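Raw run-v7.cif, mmCIF, N, CA and C atoms:
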```cif
data_model
loop_
_atom_site.label_atom_id
_atom_site.label_comp_id
_atom_site.auth_asym_id
_atom_site.auth_seq_id
_atom_site.Cartn_x
_atom_site.Cartn_y
_atom_site.Cartn_z
N MET A 896 52.45 129.56 112.17
CA MET A 896 53.18 130.08 113.30
C MET A 896 54.01 128.94 113.94
N TYR A 897 55.24 129.23 114.26
CA TYR A 897 56.15 128.24 114.85
C TYR A 897 55.82 128.02 116.30
N GLN A 898 55.66 126.76 116.67
CA GLN A 898 55.45 126.39 118.06
C GLN A 898 56.39 125.24 118.40
N PRO A 899 57.09 125.30 119.53
CA PRO A 899 58.02 124.23 119.90
C PRO A 899 57.37 122.86 119.91
N LYS A 900 56.09 122.81 120.28
CA LYS A 900 55.39 121.53 120.33
C LYS A 900 55.34 120.88 118.95
N ASN A 901 55.12 121.67 117.89
CA ASN A 901 55.07 121.14 116.53
C ASN A 901 56.44 120.61 116.11
N PHE A 902 57.50 121.31 116.48
CA PHE A 902 58.85 120.89 116.12
C PHE A 902 59.20 119.56 116.79
N ILE A 903 58.82 119.41 118.05
CA ILE A 903 59.10 118.18 118.78
C ILE A 903 58.38 117.00 118.14
N LEU A 904 57.19 117.21 117.63
CA LEU A 904 56.46 116.15 116.94
C LEU A 904 57.07 115.84 115.58
N PHE A 905 57.62 116.85 114.92
CA PHE A 905 58.17 116.69 113.59
C PHE A 905 59.56 116.06 113.60
N LEU A 906 60.34 116.26 114.65
CA LEU A 906 61.72 115.79 114.72
C LEU A 906 61.87 114.27 114.55
N PRO A 907 61.09 113.43 115.25
CA PRO A 907 61.24 111.98 115.04
C PRO A 907 60.95 111.55 113.59
N ILE A 908 59.99 112.21 112.94
CA ILE A 908 59.68 111.88 111.55
C ILE A 908 60.87 112.24 110.66
N LEU A 909 61.50 113.36 110.92
CA LEU A 909 62.67 113.78 110.15
C LEU A 909 63.83 112.80 110.31
N VAL A 910 64.10 112.39 111.53
CA VAL A 910 65.19 111.44 111.80
C VAL A 910 64.90 110.09 111.14
N LEU A 911 63.69 109.61 111.27
CA LEU A 911 63.31 108.34 110.66
C LEU A 911 63.43 108.40 109.15
N SER A 912 63.06 109.51 108.55
CA SER A 912 63.18 109.67 107.10
C SER A 912 64.63 109.57 106.66
N PHE A 913 65.52 110.15 107.42
CA PHE A 913 66.94 110.09 107.09
C PHE A 913 67.42 108.65 107.07
N PHE A 914 67.05 107.86 108.08
CA PHE A 914 67.48 106.46 108.14
C PHE A 914 66.88 105.64 107.01
N CYS A 915 65.67 105.96 106.59
CA CYS A 915 65.03 105.22 105.50
C CYS A 915 65.62 105.60 104.14
N LEU A 916 65.90 106.87 103.94
CA LEU A 916 66.42 107.32 102.66
C LEU A 916 67.90 107.02 102.47
N PHE A 917 68.67 107.06 103.56
CA PHE A 917 70.11 106.88 103.49
C PHE A 917 70.58 105.84 104.50
N PRO A 918 70.20 104.57 104.32
CA PRO A 918 70.54 103.56 105.32
C PRO A 918 72.04 103.34 105.46
N ASN A 919 72.81 103.41 104.37
CA ASN A 919 74.25 103.19 104.48
C ASN A 919 74.95 104.34 105.18
N GLN A 920 74.49 105.56 104.96
CA GLN A 920 75.10 106.70 105.61
C GLN A 920 74.71 106.76 107.09
N ALA A 921 73.57 106.20 107.42
CA ALA A 921 73.12 106.25 108.80
C ALA A 921 73.99 105.40 109.70
N LEU A 922 74.47 104.30 109.18
CA LEU A 922 75.37 103.44 109.94
C LEU A 922 76.79 103.72 109.48
N CYS A 923 77.55 104.39 110.29
CA CYS A 923 78.91 104.77 109.92
C CYS A 923 79.79 103.54 109.87
N ALA A 924 80.83 103.63 109.04
CA ALA A 924 81.79 102.54 108.95
C ALA A 924 82.43 102.31 110.31
N GLN A 925 82.57 101.06 110.67
CA GLN A 925 83.19 100.71 111.95
C GLN A 925 84.70 100.89 111.91
N VAL A 926 85.26 100.80 110.70
CA VAL A 926 86.71 100.93 110.54
C VAL A 926 86.99 101.88 109.39
N SER A 927 87.79 102.88 109.64
CA SER A 927 88.25 103.78 108.58
C SER A 927 89.76 103.87 108.69
N GLY A 928 90.40 104.39 107.67
CA GLY A 928 91.84 104.41 107.73
C GLY A 928 92.48 105.47 106.87
N ASP A 929 93.80 105.52 106.98
CA ASP A 929 94.60 106.48 106.23
C ASP A 929 95.98 105.88 105.98
N LEU A 930 96.59 106.24 104.87
CA LEU A 930 97.96 105.85 104.56
C LEU A 930 98.85 107.08 104.70
N LYS A 931 99.95 106.93 105.40
CA LYS A 931 100.88 108.04 105.62
C LYS A 931 102.28 107.61 105.20
N ALA A 932 103.00 108.53 104.57
CA ALA A 932 104.41 108.31 104.25
C ALA A 932 105.23 108.78 105.44
N LEU A 933 106.18 107.96 105.84
CA LEU A 933 107.12 108.33 106.88
C LEU A 933 108.47 108.56 106.21
N SER A 934 109.49 108.72 106.96
CA SER A 934 110.81 108.99 106.38
C SER A 934 111.34 107.78 105.60
N GLY A 935 112.07 108.08 104.53
CA GLY A 935 112.69 107.02 103.74
C GLY A 935 111.69 106.12 103.06
N HIS A 936 111.85 104.83 103.25
CA HIS A 936 111.01 103.84 102.58
C HIS A 936 109.87 103.37 103.47
N LYS A 937 109.59 104.09 104.54
CA LYS A 937 108.59 103.64 105.51
C LYS A 937 107.23 104.26 105.25
N ILE A 938 106.19 103.45 105.45
CA ILE A 938 104.81 103.91 105.38
C ILE A 938 104.07 103.43 106.62
N GLN A 939 102.93 104.04 106.85
CA GLN A 939 102.10 103.67 108.00
C GLN A 939 100.64 103.61 107.56
N ILE A 940 99.98 102.53 107.94
CA ILE A 940 98.54 102.41 107.76
C ILE A 940 97.93 102.67 109.13
N ILE A 941 97.06 103.67 109.21
CA ILE A 941 96.43 104.02 110.48
C ILE A 941 94.95 103.70 110.38
N LEU A 942 94.48 102.83 111.26
CA LEU A 942 93.07 102.46 111.29
C LEU A 942 92.40 103.10 112.49
N ASP A 943 91.19 103.60 112.29
CA ASP A 943 90.37 104.14 113.37
C ASP A 943 89.21 103.17 113.55
N ILE A 944 89.21 102.46 114.67
CA ILE A 944 88.22 101.41 114.92
C ILE A 944 87.20 101.92 115.92
N LYS A 945 85.94 101.88 115.51
CA LYS A 945 84.86 102.40 116.35
C LYS A 945 84.29 101.28 117.24
N THR A 946 83.50 101.68 118.22
CA THR A 946 82.83 100.75 119.13
C THR A 946 81.45 100.43 118.57
N PRO A 947 81.01 99.21 118.54
CA PRO A 947 81.73 97.99 118.91
C PRO A 947 82.71 97.60 117.80
N ALA A 948 83.86 97.14 118.21
CA ALA A 948 84.92 96.77 117.25
C ALA A 948 84.62 95.43 116.61
N PRO A 949 84.94 95.28 115.32
CA PRO A 949 84.82 93.96 114.69
C PRO A 949 85.79 92.99 115.37
N ASN A 950 85.46 91.72 115.37
CA ASN A 950 86.34 90.72 115.98
C ASN A 950 87.63 90.55 115.19
N THR A 951 87.51 90.55 113.85
CA THR A 951 88.67 90.33 112.98
C THR A 951 88.65 91.35 111.85
N ILE A 952 89.85 91.82 111.50
CA ILE A 952 90.01 92.77 110.40
C ILE A 952 91.05 92.22 109.44
N ILE A 953 90.76 92.28 108.15
CA ILE A 953 91.71 91.88 107.12
C ILE A 953 92.13 93.14 106.37
N ILE A 954 93.43 93.40 106.33
CA ILE A 954 93.96 94.55 105.61
C ILE A 954 94.77 94.03 104.44
N THR A 955 94.53 94.57 103.26
CA THR A 955 95.30 94.22 102.06
C THR A 955 95.95 95.50 101.55
N LEU A 956 97.26 95.45 101.38
CA LEU A 956 98.01 96.57 100.81
C LEU A 956 98.40 96.20 99.40
N HIS A 957 97.97 97.02 98.44
CA HIS A 957 98.28 96.81 97.02
C HIS A 957 99.50 97.65 96.69
N LEU A 958 100.54 96.99 96.15
CA LEU A 958 101.82 97.65 95.90
C LEU A 958 102.06 97.82 94.40
N PRO A 959 102.80 98.88 94.02
CA PRO A 959 103.18 99.03 92.61
C PRO A 959 104.15 97.91 92.20
N ALA A 960 104.35 97.76 90.91
CA ALA A 960 105.26 96.72 90.38
C ALA A 960 106.65 96.89 90.96
N ASP A 961 107.31 95.78 91.21
CA ASP A 961 108.68 95.73 91.74
C ASP A 961 108.83 96.34 93.13
N THR A 962 107.75 96.42 93.86
CA THR A 962 107.79 96.93 95.23
C THR A 962 107.43 95.80 96.18
N ALA A 963 108.15 95.71 97.28
CA ALA A 963 107.89 94.66 98.27
C ALA A 963 108.01 95.23 99.67
N VAL A 964 107.35 94.58 100.60
CA VAL A 964 107.47 94.95 102.01
C VAL A 964 108.65 94.17 102.58
N VAL A 965 109.64 94.89 103.10
CA VAL A 965 110.83 94.27 103.68
C VAL A 965 110.56 93.86 105.12
N SER A 966 109.86 94.71 105.86
CA SER A 966 109.49 94.38 107.24
C SER A 966 108.19 95.08 107.58
N ALA A 967 107.49 94.53 108.55
CA ALA A 967 106.21 95.11 108.96
C ALA A 967 105.94 94.78 110.43
N GLN A 968 105.25 95.69 111.08
CA GLN A 968 104.83 95.49 112.46
C GLN A 968 103.38 95.93 112.57
N PRO A 969 102.41 95.05 112.85
CA PRO A 969 102.55 93.63 113.10
C PRO A 969 102.98 92.87 111.85
N ALA A 970 103.36 91.62 112.05
CA ALA A 970 103.86 90.79 110.97
C ALA A 970 102.78 90.54 109.92
N ILE A 971 103.22 90.39 108.68
CA ILE A 971 102.32 90.10 107.56
C ILE A 971 101.81 88.67 107.70
N ALA A 972 100.52 88.47 107.43
CA ALA A 972 99.95 87.12 107.48
C ALA A 972 100.17 86.38 106.16
N LYS A 973 100.13 87.13 105.03
CA LYS A 973 100.25 86.50 103.73
C LYS A 973 100.81 87.51 102.73
N ALA A 974 101.80 87.10 101.96
CA ALA A 974 102.36 87.95 100.91
C ALA A 974 102.14 87.28 99.56
N GLN A 975 101.71 88.05 98.59
CA GLN A 975 101.50 87.57 97.23
C GLN A 975 102.28 88.49 96.28
N PRO A 976 103.59 88.28 96.16
CA PRO A 976 104.42 89.19 95.37
C PRO A 976 104.00 89.33 93.91
N ARG A 977 103.55 88.26 93.29
CA ARG A 977 103.14 88.33 91.88
C ARG A 977 101.94 89.22 91.68
N GLN A 978 101.03 89.23 92.66
CA GLN A 978 99.86 90.09 92.59
C GLN A 978 100.14 91.47 93.18
N GLY A 979 101.30 91.63 93.81
CA GLY A 979 101.64 92.91 94.43
C GLY A 979 100.78 93.20 95.64
N GLU A 980 100.50 92.16 96.44
CA GLU A 980 99.65 92.33 97.61
C GLU A 980 100.29 91.73 98.85
N VAL A 981 100.03 92.37 99.97
CA VAL A 981 100.36 91.80 101.28
C VAL A 981 99.12 91.93 102.16
N ASN A 982 98.92 90.94 103.03
CA ASN A 982 97.72 90.89 103.87
C ASN A 982 98.07 90.75 105.34
N TRP A 983 97.26 91.39 106.16
CA TRP A 983 97.32 91.22 107.60
C TRP A 983 95.97 90.70 108.05
N LEU A 984 95.99 89.77 108.97
CA LEU A 984 94.78 89.25 109.61
C LEU A 984 94.90 89.59 111.08
N LEU A 985 94.10 90.55 111.52
CA LEU A 985 94.17 91.03 112.90
C LEU A 985 92.93 90.57 113.66
N SER A 986 93.15 89.83 114.73
CA SER A 986 92.04 89.30 115.54
C SER A 986 91.99 90.00 116.88
N HIS A 987 90.83 89.96 117.48
CA HIS A 987 90.60 90.51 118.82
C HIS A 987 91.03 91.98 118.90
N VAL A 988 90.65 92.76 117.89
CA VAL A 988 91.01 94.18 117.88
C VAL A 988 90.16 94.95 118.87
N GLN A 989 90.69 96.05 119.33
CA GLN A 989 90.00 96.91 120.30
C GLN A 989 89.66 98.24 119.63
N PRO A 990 88.63 98.93 120.10
CA PRO A 990 88.32 100.26 119.55
C PRO A 990 89.50 101.21 119.78
N GLY A 991 89.64 102.15 118.86
CA GLY A 991 90.71 103.14 118.96
C GLY A 991 91.57 103.12 117.71
N LYS A 992 92.77 103.65 117.82
CA LYS A 992 93.71 103.73 116.70
C LYS A 992 94.58 102.49 116.66
N LEU A 993 94.80 101.98 115.47
CA LEU A 993 95.69 100.84 115.25
C LEU A 993 96.64 101.23 114.13
N ARG A 994 97.94 101.06 114.37
CA ARG A 994 98.95 101.45 113.39
C ARG A 994 99.70 100.23 112.87
N ILE A 995 99.88 100.20 111.56
CA ILE A 995 100.69 99.17 110.92
C ILE A 995 101.86 99.88 110.26
N LEU A 996 103.07 99.52 110.65
CA LEU A 996 104.27 100.13 110.10
C LEU A 996 104.89 99.18 109.08
N CYS A 997 105.30 99.73 107.94
CA CYS A 997 105.92 98.94 106.88
C CYS A 997 107.17 99.63 106.37
N ARG A 998 108.17 98.81 106.07
CA ARG A 998 109.36 99.32 105.38
C ARG A 998 109.39 98.64 104.03
N LEU A 999 109.42 99.45 102.98
CA LEU A 999 109.42 98.94 101.61
C LEU A 999 110.84 98.82 101.07
N ASN A 1000 110.99 98.06 99.99
CA ASN A 1000 112.31 97.89 99.39
C ASN A 1000 112.77 99.11 98.61
N LYS A 1001 111.86 100.03 98.34
CA LYS A 1001 112.22 101.27 97.64
C LYS A 1001 111.22 102.36 98.01
N GLU A 1002 111.61 103.57 97.73
CA GLU A 1002 110.72 104.70 98.04
C GLU A 1002 109.59 104.74 97.02
N VAL A 1003 108.37 104.94 97.50
CA VAL A 1003 107.18 104.97 96.67
C VAL A 1003 106.34 106.17 97.08
N LYS A 1004 105.76 106.84 96.09
CA LYS A 1004 104.83 107.93 96.42
C LYS A 1004 103.61 107.32 97.09
N ILE A 1005 103.15 107.96 98.14
CA ILE A 1005 102.00 107.43 98.90
C ILE A 1005 100.75 107.37 98.01
N SER A 1006 100.67 108.23 97.01
CA SER A 1006 99.51 108.22 96.11
C SER A 1006 99.49 106.98 95.21
N GLU A 1007 100.61 106.26 95.13
CA GLU A 1007 100.68 105.03 94.32
C GLU A 1007 100.19 103.81 95.10
N LEU A 1008 99.97 103.97 96.39
CA LEU A 1008 99.55 102.86 97.24
C LEU A 1008 98.06 102.93 97.51
N ILE A 1009 97.48 101.77 97.65
CA ILE A 1009 96.08 101.70 98.07
C ILE A 1009 95.94 100.47 98.96
N ALA A 1010 95.10 100.60 99.95
CA ALA A 1010 94.84 99.48 100.86
C ALA A 1010 93.33 99.29 100.97
N SER A 1011 92.95 98.09 101.35
CA SER A 1011 91.54 97.82 101.63
C SER A 1011 91.45 97.17 102.99
N VAL A 1012 90.36 97.44 103.66
CA VAL A 1012 90.10 96.84 104.97
C VAL A 1012 88.75 96.14 104.89
N ARG A 1013 88.73 94.86 105.30
CA ARG A 1013 87.50 94.06 105.28
C ARG A 1013 87.21 93.57 106.69
N TYR A 1014 85.93 93.54 107.03
CA TYR A 1014 85.52 93.09 108.35
C TYR A 1014 84.02 92.83 108.35
N LYS A 1015 83.58 92.08 109.33
CA LYS A 1015 82.15 91.85 109.52
C LYS A 1015 81.66 92.92 110.48
N ASN A 1016 80.75 93.76 110.01
CA ASN A 1016 80.23 94.83 110.84
C ASN A 1016 79.42 94.24 111.98
N PRO A 1017 79.82 94.47 113.24
CA PRO A 1017 79.10 93.88 114.36
C PRO A 1017 77.68 94.44 114.54
N GLN A 1018 77.40 95.59 113.94
CA GLN A 1018 76.06 96.16 114.06
C GLN A 1018 75.09 95.57 113.05
N THR A 1019 75.58 95.23 111.85
CA THR A 1019 74.69 94.73 110.81
C THR A 1019 74.88 93.25 110.51
N GLY A 1020 76.04 92.69 110.89
CA GLY A 1020 76.34 91.30 110.59
C GLY A 1020 76.78 91.09 109.14
N LYS A 1021 76.96 92.16 108.38
CA LYS A 1021 77.35 92.06 106.98
C LYS A 1021 78.84 92.35 106.82
N MET A 1022 79.45 91.68 105.83
CA MET A 1022 80.84 91.96 105.49
C MET A 1022 80.92 93.31 104.80
N GLU A 1023 81.91 94.09 105.19
CA GLU A 1023 82.13 95.40 104.58
C GLU A 1023 83.57 95.50 104.11
N GLU A 1024 83.77 96.26 103.06
CA GLU A 1024 85.12 96.52 102.57
C GLU A 1024 85.22 98.01 102.26
N ASP A 1025 86.24 98.63 102.78
CA ASP A 1025 86.48 100.05 102.56
C ASP A 1025 87.89 100.23 102.03
N MET A 1026 88.04 101.17 101.11
CA MET A 1026 89.35 101.46 100.53
C MET A 1026 90.03 102.55 101.35
N ILE A 1027 91.35 102.43 101.43
CA ILE A 1027 92.17 103.40 102.14
C ILE A 1027 93.23 103.88 101.14
N SER A 1028 93.30 105.18 100.96
CA SER A 1028 94.32 105.71 100.06
C SER A 1028 95.03 106.86 100.76
N GLY A 1029 96.18 107.16 100.25
CA GLY A 1029 96.96 108.27 100.79
C GLY A 1029 97.10 109.34 99.74
N SER A 1030 97.53 110.50 100.16
CA SER A 1030 97.79 111.57 99.20
C SER A 1030 99.13 112.20 99.55
N ASP A 1031 99.82 112.65 98.50
CA ASP A 1031 101.14 113.27 98.69
C ASP A 1031 101.00 114.68 99.27
#
```
Encoded form using structure tokens:
Amino acid sequence: MYQPKNFILFLPILVLSFFCLFPNQALCAQVSGDLKALSGHKIQIILDIKTPAPNTIIITLHLPADTAVVSAQPAIAKAQPRQGEVNWLLSHVQPGKLRILCRLNKEVKISELIASVRYKNPQTGKMEEDMISGSD
């Protein structure tokens, strides 16, 4: 027979089991993102930064062959044209949405682009890397 008292005793055990069985899922990513195509040769990387925010975030955009970033806001920290990569190093980020705007030298399908975001998770103290991709 169901009694509320039994459910209240069972609930903490259920929650604890979830954290033990799925530790990575229990702690959500502090930073997630999306790639969006804008008009013409422009793209946007949108990051969703949760509280507490990491102190520093490194974003790497992987580009197809013969593609380059002509301009970006914020400015690129490092470009590696031979590897087809550009990097941003963002410090003192705040929780919320962060947008990176890029203008490429040619039009590219958003599905051809991939980005990665790396940061030290302030909750666990471990470095994390998450992939960001777009879809047409």
| said: Going by the chain IDs and residue numbers used in this file, which residues fall under the PyMOL selection byres (((chain A and resi 1005-1022 and name CA) around 8) and name CA)? Write them as a ChimeraX atom specification. | reply: /A:925-926,930-932,938,947-959,1003-1004,1023-1031
Selection under test: the PyMOL selection byres (((chain A and resi 966-975 and name CA) around 12) and name CA); residues as a CSV table (one decimal) with N, CA and C atoms, in the frame of the given file:
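Saved file part-v4.csv follows:
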```
chain,number,residue,atom,x,y,z
A,936,HIS,N,111.8,104.8,103.2
A,936,HIS,CA,111.0,103.8,102.6
A,936,HIS,C,109.9,103.4,103.5
A,937,LYS,N,109.6,104.1,104.5
A,937,LYS,CA,108.6,103.6,105.5
A,937,LYS,C,107.2,104.3,105.2
A,938,ILE,N,106.2,103.4,105.4
A,938,ILE,CA,104.8,103.9,105.4
A,938,ILE,C,104.1,103.4,106.6
A,939,GLN,N,102.9,104.0,106.8
A,939,GLN,CA,102.1,103.7,108.0
A,939,GLN,C,100.6,103.6,107.6
A,940,ILE,N,100.0,102.5,107.9
A,940,ILE,CA,98.5,102.4,107.8
A,940,ILE,C,97.9,102.7,109.1
A,952,ILE,N,89.8,91.8,111.5
A,952,ILE,CA,90.0,92.8,110.4
A,952,ILE,C,91.0,92.2,109.4
A,953,ILE,N,90.8,92.3,108.2
A,953,ILE,CA,91.7,91.9,107.1
A,953,ILE,C,92.1,93.1,106.4
A,954,ILE,N,93.4,93.4,106.3
A,954,ILE,CA,94.0,94.6,105.6
A,954,ILE,C,94.8,94.0,104.4
A,955,THR,N,94.5,94.6,103.3
A,955,THR,CA,95.3,94.2,102.1
A,955,THR,C,96.0,95.5,101.6
A,956,LEU,N,97.3,95.4,101.4
A,956,LEU,CA,98.0,96.6,100.8
A,956,LEU,C,98.4,96.2,99.4
A,957,HIS,N,98.0,97.0,98.4
A,957,HIS,CA,98.3,96.8,97.0
A,957,HIS,C,99.5,97.6,96.7
A,958,LEU,N,100.5,97.0,96.2
A,958,LEU,CA,101.8,97.6,95.9
A,958,LEU,C,102.1,97.8,94.4
A,962,THR,N,107.8,96.4,93.9
A,962,THR,CA,107.8,96.9,95.2
A,962,THR,C,107.4,95.8,96.2
A,963,ALA,N,108.2,95.7,97.3
A,963,ALA,CA,107.9,94.7,98.3
A,963,ALA,C,108.0,95.2,99.7
A,964,VAL,N,107.4,94.6,100.6
A,964,VAL,CA,107.5,95.0,102.0
A,964,VAL,C,108.6,94.2,102.6
A,965,VAL,N,109.6,94.9,103.1
A,965,VAL,CA,110.8,94.3,103.7
A,965,VAL,C,110.6,93.9,105.1
A,976,PRO,N,103.6,88.3,96.2
A,976,PRO,CA,104.4,89.2,95.4
A,976,PRO,C,104.0,89.3,93.9
A,977,ARG,N,103.6,88.3,93.3
A,977,ARG,CA,103.1,88.3,91.9
A,977,ARG,C,101.9,89.2,91.7
A,978,GLN,N,101.0,89.2,92.7
A,978,GLN,CA,99.9,90.1,92.6
A,978,GLN,C,100.1,91.5,93.2
A,979,GLY,N,101.3,91.6,93.8
A,979,GLY,CA,101.6,92.9,94.4
A,979,GLY,C,100.8,93.2,95.6
A,980,GLU,N,100.5,92.2,96.4
A,980,GLU,CA,99.6,92.3,97.6
A,980,GLU,C,100.3,91.7,98.8
A,981,VAL,N,100.0,92.4,100.0
A,981,VAL,CA,100.4,91.8,101.3
A,981,VAL,C,99.1,91.9,102.2
A,982,ASN,N,98.9,90.9,103.0
A,982,ASN,CA,97.7,90.9,103.9
A,982,ASN,C,98.1,90.8,105.3
A,983,TRP,N,97.3,91.4,106.2
A,983,TRP,CA,97.3,91.2,107.6
A,983,TRP,C,96.0,90.7,108.0
A,984,LEU,N,96.0,89.8,109.0
A,984,LEU,CA,94.8,89.2,109.6
A,984,LEU,C,94.9,89.6,111.1
A,985,LEU,N,94.1,90.6,111.5
A,985,LEU,CA,94.2,91.0,112.9
A,985,LEU,C,92.9,90.6,113.7
A,986,SER,N,93.2,89.8,114.7
A,986,SER,CA,92.0,89.3,115.5
A,986,SER,C,92.0,90.0,116.9
A,993,LEU,N,94.8,102.0,115.5
A,993,LEU,CA,95.7,100.8,115.2
A,993,LEU,C,96.6,101.2,114.1
A,994,ARG,N,97.9,101.1,114.4
A,994,ARG,CA,99.0,101.4,113.4
A,994,ARG,C,99.7,100.2,112.9
A,995,ILE,N,99.9,100.2,111.6
A,995,ILE,CA,100.7,99.2,110.9
A,995,ILE,C,101.9,99.9,110.3
A,996,LEU,N,103.1,99.5,110.6
A,996,LEU,CA,104.3,100.1,110.1
A,996,LEU,C,104.9,99.2,109.1
A,997,CYS,N,105.3,99.7,107.9
A,997,CYS,CA,105.9,98.9,106.9
A,997,CYS,C,107.2,99.6,106.4
A,998,ARG,N,108.2,98.8,106.1
A,998,ARG,CA,109.4,99.3,105.4
A,998,ARG,C,109.4,98.6,104.0
A,999,LEU,N,109.4,99.4,103.0
A,999,LEU,CA,109.4,98.9,101.6
A,999,LEU,C,110.8,98.8,101.1
A,1000,ASN,N,111.0,98.1,100.0
A,1000,ASN,CA,112.3,97.9,99.4
A,1000,ASN,C,112.8,99.1,98.6
```
Assuming 6 Å of padding per side, give the centre and edge lengths of the axis-aligned box around every listed atom of range 1000-1009 of chain A, in Å to one decimal and as JSON.
```
{"center_x": 104.4, "center_y": 103.1, "center_z": 97.2, "size_x": 28.8, "size_y": 22.3, "size_z": 17.7}
```
| task | Given the file shown, enumerate the residues that the PyMOL selection byres ((chain A and resi 944) around 5) captures and present them as a ChimeraX atom specification. | result | /A:925-926,942-943,945-946,990-992
| task | Please return as a PyMOL selection string: the residues of range 907-1024 of chain A that backbone DSSP assigns to strand (DSSP E). | result | chain A and resi 926-932+937-944+951-957+964-968+973-975+980-986+991-999+1009-1015+1022-1024
| Gap from atom N of Val988 in chain A to atom C of Ala924 in chain A - Å, one decimal | 14.7 Å
